[in-house]
>>> print(open('my_file.tsv').read())   # TSV, C-alpha atoms and all ligand atoms
chain	number	residue	atom	x	y	z
A	18	MET	CA	-180.39	68.34	-50.14
A	19	ASN	CA	-179.34	71.03	-52.59
A	20	ILE	CA	-178.78	74.51	-51.24
A	21	ILE	CA	-177.35	77.89	-52.15
A	22	LEU	CA	-175.08	79.69	-49.68
A	23	PHE	CA	-175.62	83.34	-50.43
A	24	GLY	CA	-173.75	86.44	-49.25
A	25	PRO	CA	-171.15	89.07	-50.06
A	26	PRO	CA	-167.43	88.33	-50.51
A	27	GLY	CA	-166.02	87.52	-47.08
A	28	ALA	CA	-169.36	86.41	-45.61
A	29	GLY	CA	-167.93	82.96	-44.91
A	30	LYS	CA	-169.66	80.96	-47.66
A	31	GLY	CA	-166.55	78.93	-48.43
A	32	THR	CA	-165.85	78.20	-44.77
A	33	GLN	CA	-169.39	77.01	-44.14
A	34	ALA	CA	-169.47	75.04	-47.39
A	35	GLN	CA	-166.30	73.23	-46.29
A	36	ARG	CA	-168.03	72.32	-43.01
A	37	LEU	CA	-171.02	70.93	-44.87
A	38	VAL	CA	-168.62	68.84	-46.94
A	39	ALA	CA	-166.77	67.56	-43.86
A	40	GLU	CA	-169.80	67.03	-41.63
A	41	ARG	CA	-172.52	65.94	-44.08
A	42	GLY	CA	-170.61	64.75	-47.12
A	43	MET	CA	-172.29	67.35	-49.34
A	44	VAL	CA	-170.53	68.47	-52.52
A	45	GLN	CA	-169.23	72.06	-52.60
A	46	LEU	CA	-169.76	73.74	-55.96
A	47	SER	CA	-167.76	76.96	-55.82
A	48	THR	CA	-167.59	78.71	-59.17
A	49	GLY	CA	-164.77	80.88	-57.78
A	50	ASP	CA	-162.68	77.80	-56.88
A	51	MET	CA	-163.38	76.17	-60.22
A	52	LEU	CA	-162.44	79.32	-62.11
A	53	ARG	CA	-159.23	79.76	-60.09
A	54	ALA	CA	-158.30	76.16	-60.89
A	55	ALA	CA	-158.91	76.85	-64.59
A	56	VAL	CA	-156.76	80.01	-64.45
A	57	GLU	CA	-153.96	78.11	-62.71
A	58	ALA	CA	-154.14	75.26	-65.22
A	59	GLY	CA	-154.09	77.77	-68.09
A	60	THR	CA	-157.13	76.27	-69.83
A	61	GLU	CA	-159.05	78.17	-72.51
A	62	MET	CA	-161.76	78.94	-69.96
A	63	GLY	CA	-159.15	80.13	-67.46
A	64	LYS	CA	-157.70	82.49	-70.05
A	65	ARG	CA	-161.15	83.94	-70.72
A	66	ALA	CA	-161.87	84.42	-66.99
A	67	LYS	CA	-158.50	85.68	-65.75
A	68	GLU	CA	-158.72	89.43	-66.42
A	69	LYS	CA	-162.26	89.80	-65.12
A	70	MET	CA	-161.38	87.96	-61.94
A	71	ALA	CA	-158.29	90.07	-61.33
A	72	ALA	CA	-160.43	93.21	-61.71
A	73	GLY	CA	-163.09	91.97	-59.31
A	74	ALA	CA	-165.69	91.85	-62.12
A	75	LEU	CA	-168.00	88.97	-63.00
A	76	VAL	CA	-166.90	86.54	-65.70
A	77	SER	CA	-169.37	85.85	-68.49
A	78	ASP	CA	-172.56	83.98	-67.71
A	79	ASP	CA	-172.04	81.29	-70.37
A	80	ILE	CA	-168.82	80.18	-68.66
A	81	VAL	CA	-170.20	79.83	-65.13
A	82	ILE	CA	-173.57	78.42	-66.20
A	83	GLY	CA	-171.73	75.81	-68.29
A	84	ILE	CA	-169.52	74.83	-65.35
A	85	ILE	CA	-172.48	74.36	-63.02
A	86	ARG	CA	-174.61	72.55	-65.60
A	87	ASP	CA	-171.85	69.97	-66.15
A	88	ARG	CA	-171.01	69.57	-62.48
A	89	VAL	CA	-174.51	69.09	-61.03
A	90	GLN	CA	-175.01	66.12	-63.35
A	91	GLU	CA	-172.10	64.18	-61.89
A	92	PRO	CA	-173.17	61.23	-59.70
A	93	ASP	CA	-171.78	62.55	-56.38
A	94	CYS	CA	-174.16	65.52	-56.53
A	95	ALA	CA	-177.17	63.24	-56.78
A	96	THR	CA	-175.92	60.98	-53.99
A	97	HIS	CA	-174.80	63.56	-51.44
A	98	GLY	CA	-176.55	66.80	-52.41
A	99	PHE	CA	-174.66	70.00	-53.20
A	100	VAL	CA	-173.91	73.46	-51.86
A	101	LEU	CA	-173.72	76.23	-54.43
A	102	ASP	CA	-171.15	78.79	-53.27
A	103	GLY	CA	-170.80	81.91	-55.40
A	104	PHE	CA	-173.48	80.98	-57.92
A	105	PRO	CA	-175.89	82.41	-59.02
A	106	ARG	CA	-174.61	85.97	-58.98
A	107	ASN	CA	-177.05	87.82	-61.26
A	108	ALA	CA	-180.59	87.51	-62.61
A	109	ALA	CA	-179.56	85.65	-65.78
A	110	GLN	CA	-177.67	83.02	-63.75
A	111	ALA	CA	-180.59	82.64	-61.33
A	112	GLN	CA	-182.95	82.07	-64.26
A	113	ALA	CA	-180.55	79.60	-65.87
A	114	LEU	CA	-180.30	77.71	-62.58
A	115	ASP	CA	-184.06	77.59	-62.26
A	116	ASP	CA	-184.40	76.24	-65.82
A	117	MET	CA	-181.61	73.72	-65.20
A	118	PHE	CA	-183.25	72.40	-62.01
A	119	ALA	CA	-186.59	72.02	-63.82
A	120	GLU	CA	-184.98	70.26	-66.77
A	121	LEU	CA	-182.89	67.90	-64.63
A	122	GLY	CA	-185.61	67.24	-62.06
A	123	LEU	CA	-183.58	68.75	-59.18
A	124	THR	CA	-184.98	70.47	-56.10
A	125	LEU	CA	-183.61	73.60	-54.49
A	126	HIS	CA	-184.23	73.05	-50.78
A	127	ALA	CA	-183.00	76.34	-49.34
A	128	VAL	CA	-181.20	79.57	-50.13
A	129	ILE	CA	-179.29	80.55	-47.00
A	130	GLU	CA	-178.31	84.20	-46.85
A	131	MET	CA	-175.35	84.94	-44.59
A	132	VAL	CA	-176.02	88.45	-43.34
A	133	VAL	CA	-172.86	90.49	-42.62
A	134	ASP	CA	-172.23	94.24	-42.22
A	135	ASP	CA	-170.20	95.74	-45.07
A	136	GLU	CA	-167.73	97.32	-42.63
A	137	VAL	CA	-166.23	94.00	-41.52
A	138	LEU	CA	-165.89	92.44	-44.97
A	139	ALA	CA	-162.71	94.20	-46.12
A	140	ASP	CA	-160.88	93.02	-42.96
A	141	ARG	CA	-162.16	89.51	-43.33
A	142	VAL	CA	-161.22	89.22	-47.00
A	143	SER	CA	-157.81	90.86	-46.82
A	144	GLY	CA	-156.66	88.51	-44.02
A	145	ARG	CA	-157.62	85.21	-45.54
A	146	PHE	CA	-155.40	82.47	-46.91
A	147	SER	CA	-155.74	78.77	-47.64
A	148	CYS	CA	-153.80	75.54	-47.73
A	149	ALA	CA	-152.05	75.16	-51.08
A	150	ASN	CA	-152.66	71.42	-50.97
A	151	CYS	CA	-156.25	70.84	-49.79
A	152	GLY	CA	-157.68	74.36	-50.01
A	153	HIS	CA	-158.79	74.54	-46.39
A	154	GLY	CA	-159.45	78.19	-45.48
A	155	TYR	CA	-157.75	80.22	-42.73
A	156	HIS	CA	-157.55	83.82	-41.58
A	157	ASP	CA	-154.66	85.86	-40.11
A	158	GLU	CA	-156.79	87.09	-37.24
A	159	PHE	CA	-159.86	84.87	-36.91
A	160	LYS	CA	-158.78	81.35	-37.83
A	161	GLN	CA	-155.08	80.48	-37.66
A	162	PRO	CA	-153.92	76.87	-38.13
A	163	LYS	CA	-153.71	75.10	-34.74
A	164	VAL	CA	-149.98	74.53	-35.29
A	165	ASP	CA	-148.34	77.56	-36.86
A	166	GLY	CA	-147.54	76.93	-40.53
A	167	VAL	CA	-149.18	73.49	-40.69
A	168	CYS	CA	-152.58	72.80	-42.25
A	169	ASP	CA	-155.04	71.37	-39.67
A	170	VAL	CA	-156.63	69.13	-42.26
A	171	CYS	CA	-153.83	67.65	-44.37
A	172	GLY	CA	-150.58	68.64	-42.62
A	173	ALA	CA	-149.20	70.53	-45.64
A	174	THR	CA	-146.94	73.51	-44.95
A	175	GLU	CA	-147.56	75.64	-48.06
A	176	PHE	CA	-150.30	78.26	-48.05
A	177	LYS	CA	-151.60	80.68	-50.66
A	178	ARG	CA	-153.49	83.96	-50.88
A	179	ARG	CA	-155.92	84.95	-53.60
A	180	ALA	CA	-154.75	87.67	-55.99
A	181	ASP	CA	-158.16	89.40	-55.77
A	182	ASP	CA	-158.28	89.51	-51.95
A	183	ASN	CA	-156.97	93.06	-51.66
A	184	ARG	CA	-158.85	96.13	-50.43
A	185	ASP	CA	-159.30	97.76	-53.87
A	186	THR	CA	-160.75	94.68	-55.49
A	187	VAL	CA	-162.89	93.89	-52.47
A	188	ALA	CA	-164.57	97.30	-52.77
A	189	LYS	CA	-165.41	96.55	-56.42
A	190	ARG	CA	-166.67	93.04	-55.61
A	191	LEU	CA	-168.85	94.42	-52.83
A	192	LYS	CA	-170.35	97.04	-55.14
A	193	GLU	CA	-171.05	94.33	-57.71
A	194	TYR	CA	-172.67	92.21	-54.97
A	195	HIS	CA	-175.07	94.96	-53.89
A	196	GLU	CA	-175.94	96.10	-57.42
A	197	THR	CA	-176.19	92.80	-59.25
A	198	THR	CA	-176.26	89.83	-56.89
A	199	GLU	CA	-178.31	90.92	-53.89
A	200	PRO	CA	-181.43	91.83	-55.96
A	201	ILE	CA	-181.92	88.17	-56.94
A	202	LEU	CA	-182.78	87.41	-53.32
A	203	ASP	CA	-186.23	88.85	-54.08
A	204	VAL	CA	-186.92	85.88	-56.34
A	205	TYR	CA	-186.06	83.40	-53.59
A	206	ARG	CA	-188.00	85.39	-51.01
A	207	LYS	CA	-191.09	85.11	-53.19
A	208	THR	CA	-190.70	81.37	-53.75
A	209	GLY	CA	-190.34	80.86	-49.98
A	210	VAL	CA	-186.92	79.14	-49.96
A	211	LEU	CA	-184.95	82.05	-48.49
A	212	ARG	CA	-183.57	81.71	-44.95
A	213	GLN	CA	-181.15	84.00	-43.13
A	214	VAL	CA	-178.33	83.27	-40.71
A	215	ASP	CA	-176.21	85.72	-38.72
A	216	GLY	CA	-172.95	85.81	-40.65
A	217	MET	CA	-171.42	88.06	-37.96
A	218	ALA	CA	-171.55	85.25	-35.39
A	219	SER	CA	-168.68	82.82	-34.74
A	220	ILE	CA	-167.96	80.12	-37.33
A	221	ASP	CA	-169.42	77.46	-35.01
A	222	GLU	CA	-172.55	79.50	-34.34
A	223	VAL	CA	-173.15	80.15	-38.05
A	224	ALA	CA	-172.70	76.42	-38.69
A	225	ARG	CA	-175.25	75.70	-35.94
A	226	GLN	CA	-177.76	78.11	-37.52
A	227	ILE	CA	-177.25	76.53	-40.93
A	228	GLY	CA	-177.80	73.12	-39.33
A	229	GLU	CA	-181.10	74.37	-37.94
A	230	VAL	CA	-182.22	75.53	-41.39
A	231	LEU	CA	-181.33	72.16	-42.89
A	232	ALA	CA	-183.15	70.28	-40.14
A	233	ALA	CA	-186.37	72.30	-40.53
A	301	LIG	P1	-165.44	84.01	-55.35
A	301	LIG	O1	-164.40	82.98	-55.07
A	301	LIG	O2	-166.83	83.46	-55.28
A	301	LIG	O3	-165.27	85.26	-54.53
A	301	LIG	O4	-165.22	84.44	-56.88
A	301	LIG	C1	-164.01	85.03	-57.31
A	301	LIG	C2	-164.20	85.65	-58.68
A	301	LIG	O5	-164.57	84.63	-59.63
A	301	LIG	C3	-165.32	86.68	-58.78
A	301	LIG	O6	-164.90	87.99	-58.38
A	301	LIG	C4	-165.66	86.63	-60.26
A	301	LIG	O7	-164.68	87.29	-61.05
A	301	LIG	C5	-165.55	85.14	-60.56
A	301	LIG	N1	-166.82	84.42	-60.31
A	301	LIG	C6	-167.07	83.46	-59.38
A	301	LIG	N2	-168.34	83.02	-59.46
A	301	LIG	C7	-168.93	83.72	-60.46
A	301	LIG	C8	-170.22	83.75	-61.02
A	301	LIG	N3	-171.22	82.97	-60.56
A	301	LIG	N4	-170.45	84.61	-62.04
A	301	LIG	C9	-169.49	85.39	-62.55
A	301	LIG	N5	-168.23	85.44	-62.05
A	301	LIG	C10	-167.95	84.61	-61.02
>>> encode(input="my_file.tsv", output="structure tokens")
Amino acid sequence: MNIILFGPPGAGKGTQAQRLVAERGMVQLSTGDMLRAAVEAGTEMGKRAKEKMAAGALVSDDIVIGIIRDRVQEPDCATHGFVLDGFPRNAAQAQALDDMFAELGLTLHAVIEMVVDDEVLADRVSGRFSCANCGHGYHDEFKQPKVDGVCDVCGATEFKRRADDNRDTVAKRLKEYHETTEPILDVYRKTGVLRQVDGMASIDEVARQIGEVLAA
């Protein structure tokens, strides 16, 4: 199965994508994660993306479309199916994805919108951190490691926070989401692949609702 997890920053797309990886062996394709890795590695692409990301703006379409086009053609995506997390984010990317699926003979099984009130997003985003080793996500208030300072998944003791997870940048990213990203849902509503889950529910409950969508 190939799906898109859709929603504003802080909706929990990454958390739910990680569950789909752990529980179903699907491949998580997070353009944000891939861009952060490129910035950290100092690649040419990372250099091009860095400033936009720090400002909470979208990086150019050719970069992210190129990343996804290359990645979906790797064998693990065909074997296990993939979860797009953070892509597409505007009409041009949605069109490119549609063209890519047609050209490569891929099927988009569902677009799952995680519906969350704007008011809670700033708190969710500003409290999050992740394991520096395996990338597993945590939150100061909602999802602490079981043993303080130790990653539940890999046992590492170093954690990191994203440079763009601050209140100022979150406000800009949220504005960008409503103005540019959210309108593309209309396309998926028309093609009948759009499903909604309650992104305000607990992590387990959201995972259960996503499971129901995938089983339908
Ligand atoms: P995310 O981890 O999905 O919140 O993305 C973090 C940042 O990476 C965004 O604020 C953008 O600057 C950039 N980014 C991630 N995905 C995309 C995309 N599909 N299109 C453009 N920029 C993106």
>>> closest_residue(input="my_file.tsv", among="A:Met131, A:Ile220, A:Ile201, A:Val214", to="Phe159 in chain A", atoms="only C-alpha atoms")
A:Ile220
>>> closest_residue(input="my_file.tsv", among="A:Arg225, A:Ala74, A:Thr186, A:Gly98", to="Ala139 in chain A", atoms="all atoms listed in the file")
A:Thr186
>>> residues_near_ligand(input="my_file.tsv", ligand="ligand LIG 301 (chain A)", cutoff="9 Å", atoms="only C-alpha atoms and all ligand atoms", output="JSON, numbers by chain")
{"A": [25, 26, 27, 30, 31, 47, 48, 49, 50, 51, 52, 53, 66, 67, 68, 69, 70, 71, 72, 73, 74, 75, 76, 77, 78, 80, 81, 82, 102, 103, 104, 105, 106, 107, 110, 179, 181, 182, 186, 187, 189, 190, 193]}
>>> axis_aligned_box(input="my_file.tsv", around="range 84-88 of chain A", padding_each_side="8 Å", output="JSON")
{"center_x": -172.1, "center_y": 72.2, "center_z": -64.3, "size_x": 21.1, "size_y": 21.3, "size_z": 19.7}
>>> closest_residue(input="my_file.tsv", among="A:Asp135, A:Lys163, A:Asn183, A:Lys177", to="Asn150 in chain A", atoms="all atoms listed in the file")
A:Lys177
>>> atom_distance(input="my_file.tsv", atom1="CA of Arg178 in chain A", atom2="CA of Ala28 in chain A")
16.9 Å
>>> closest_residue(input="my_file.tsv", among="A:Leu46, A:Ala55, A:Val38, A:Ala108", to="Asp87 in chain A", atoms="all atoms listed in the file")
A:Leu46
>>> closest_residue(input="my_file.tsv", among="A:Arg141, A:His156, A:His126, A:Lys64", to="Ile21 in chain A", atoms="all atoms listed in the file")
A:His126
>>> atom_distance(input="my_file.tsv", atom1="CA of Phe23 in chain A", atom2="CA of Cys168 in chain A")
26.6 Å
>>> atom_distance(input="my_file.tsv", atom1="CA of Gly228 in chain A", atom2="CA of Val132 in chain A")
15.9 Å
>>> closest_residue(input="my_file.tsv", among="A:Met18, A:Val142, A:Val230, A:Cys94", to="Asp185 in chain A", atoms="all atoms listed in the file")
A:Val142
>>> decode(input="my_file.tsv", residues="range 31-47 of chain A", atoms="N, CA, C and O atoms", output="mmCIF file, in the first residue's frame")
data_model
loop_
_atom_site.group_PDB
_atom_site.id
_atom_site.type_symbol
_atom_site.label_atom_id
_atom_site.label_comp_id
_atom_site.auth_asym_id
_atom_site.auth_seq_id
_atom_site.Cartn_x
_atom_site.Cartn_y
_atom_site.Cartn_z
ATOM 1 N N GLY A 31 4.830 12.249 11.540
ATOM 2 C CA GLY A 31 6.072 11.495 11.731
ATOM 3 C C GLY A 31 5.892 10.362 12.725
ATOM 4 O O GLY A 31 6.361 9.239 12.499
ATOM 5 N N THR A 32 5.188 10.649 13.823
ATOM 6 C CA THR A 32 4.947 9.624 14.843
ATOM 7 C C THR A 32 4.171 8.453 14.263
ATOM 8 O O THR A 32 4.518 7.285 14.473
ATOM 9 N N GLN A 33 3.127 8.763 13.514
ATOM 10 C CA GLN A 33 2.301 7.690 12.949
ATOM 11 C C GLN A 33 3.043 6.968 11.823
ATOM 12 O O GLN A 33 2.903 5.754 11.673
ATOM 13 N N ALA A 34 3.853 7.700 11.076
ATOM 14 C CA ALA A 34 4.641 7.042 10.023
ATOM 15 C C ALA A 34 5.615 6.059 10.660
ATOM 16 O O ALA A 34 5.787 4.936 10.166
ATOM 17 N N GLN A 35 6.232 6.455 11.776
ATOM 18 C CA GLN A 35 7.159 5.538 12.459
ATOM 19 C C GLN A 35 6.436 4.282 12.933
ATOM 20 O O GLN A 35 6.990 3.183 12.910
ATOM 21 N N ARG A 36 5.185 4.418 13.354
ATOM 22 C CA ARG A 36 4.427 3.220 13.763
ATOM 23 C C ARG A 36 4.156 2.314 12.577
ATOM 24 O O ARG A 36 4.212 1.098 12.688
ATOM 25 N N LEU A 37 3.844 2.918 11.441
ATOM 26 C CA LEU A 37 3.575 2.102 10.251
ATOM 27 C C LEU A 37 4.837 1.372 9.800
ATOM 28 O O LEU A 37 4.775 0.249 9.299
ATOM 29 N N VAL A 38 5.988 2.013 10.023
ATOM 30 C CA VAL A 38 7.264 1.357 9.719
ATOM 31 C C VAL A 38 7.456 0.171 10.669
ATOM 32 O O VAL A 38 7.739 -0.952 10.247
ATOM 33 N N ALA A 39 7.259 0.434 11.976
ATOM 34 C CA ALA A 39 7.525 -0.609 12.983
ATOM 35 C C ALA A 39 6.517 -1.745 12.897
ATOM 36 O O ALA A 39 6.872 -2.916 13.051
ATOM 37 N N GLU A 40 5.249 -1.415 12.654
ATOM 38 C CA GLU A 40 4.202 -2.430 12.752
ATOM 39 C C GLU A 40 3.881 -3.109 11.424
ATOM 40 O O GLU A 40 3.390 -4.227 11.399
ATOM 41 N N ARG A 41 4.134 -2.426 10.312
ATOM 42 C CA ARG A 41 3.761 -3.016 9.009
ATOM 43 C C ARG A 41 4.922 -3.101 8.041
ATOM 44 O O ARG A 41 4.740 -3.513 6.895
ATOM 45 N N GLY A 42 6.081 -2.609 8.475
ATOM 46 C CA GLY A 42 7.259 -2.673 7.599
ATOM 47 C C GLY A 42 7.204 -1.721 6.421
ATOM 48 O O GLY A 42 7.984 -1.856 5.476
ATOM 49 N N MET A 43 6.277 -0.742 6.475
ATOM 50 C CA MET A 43 6.205 0.217 5.360
ATOM 51 C C MET A 43 7.432 1.134 5.388
ATOM 52 O O MET A 43 8.131 1.221 6.395
ATOM 53 N N VAL A 44 7.682 1.810 4.286
ATOM 54 C CA VAL A 44 8.839 2.696 4.188
ATOM 55 C C VAL A 44 8.368 4.140 4.389
ATOM 56 O O VAL A 44 7.444 4.587 3.715
ATOM 57 N N GLN A 45 8.992 4.840 5.337
ATOM 58 C CA GLN A 45 8.617 6.239 5.586
ATOM 59 C C GLN A 45 9.404 7.142 4.649
ATOM 60 O O GLN A 45 10.635 7.101 4.642
ATOM 61 N N LEU A 46 8.699 7.946 3.875
ATOM 62 C CA LEU A 46 9.377 8.899 2.993
ATOM 63 C C LEU A 46 9.054 10.300 3.483
ATOM 64 O O LEU A 46 8.029 10.893 3.118
ATOM 65 N N SER A 47 9.910 10.814 4.356
ATOM 66 C CA SER A 47 9.703 12.144 4.926
ATOM 67 C C SER A 47 10.654 13.113 4.239
ATOM 68 O O SER A 47 11.872 13.027 4.418
#
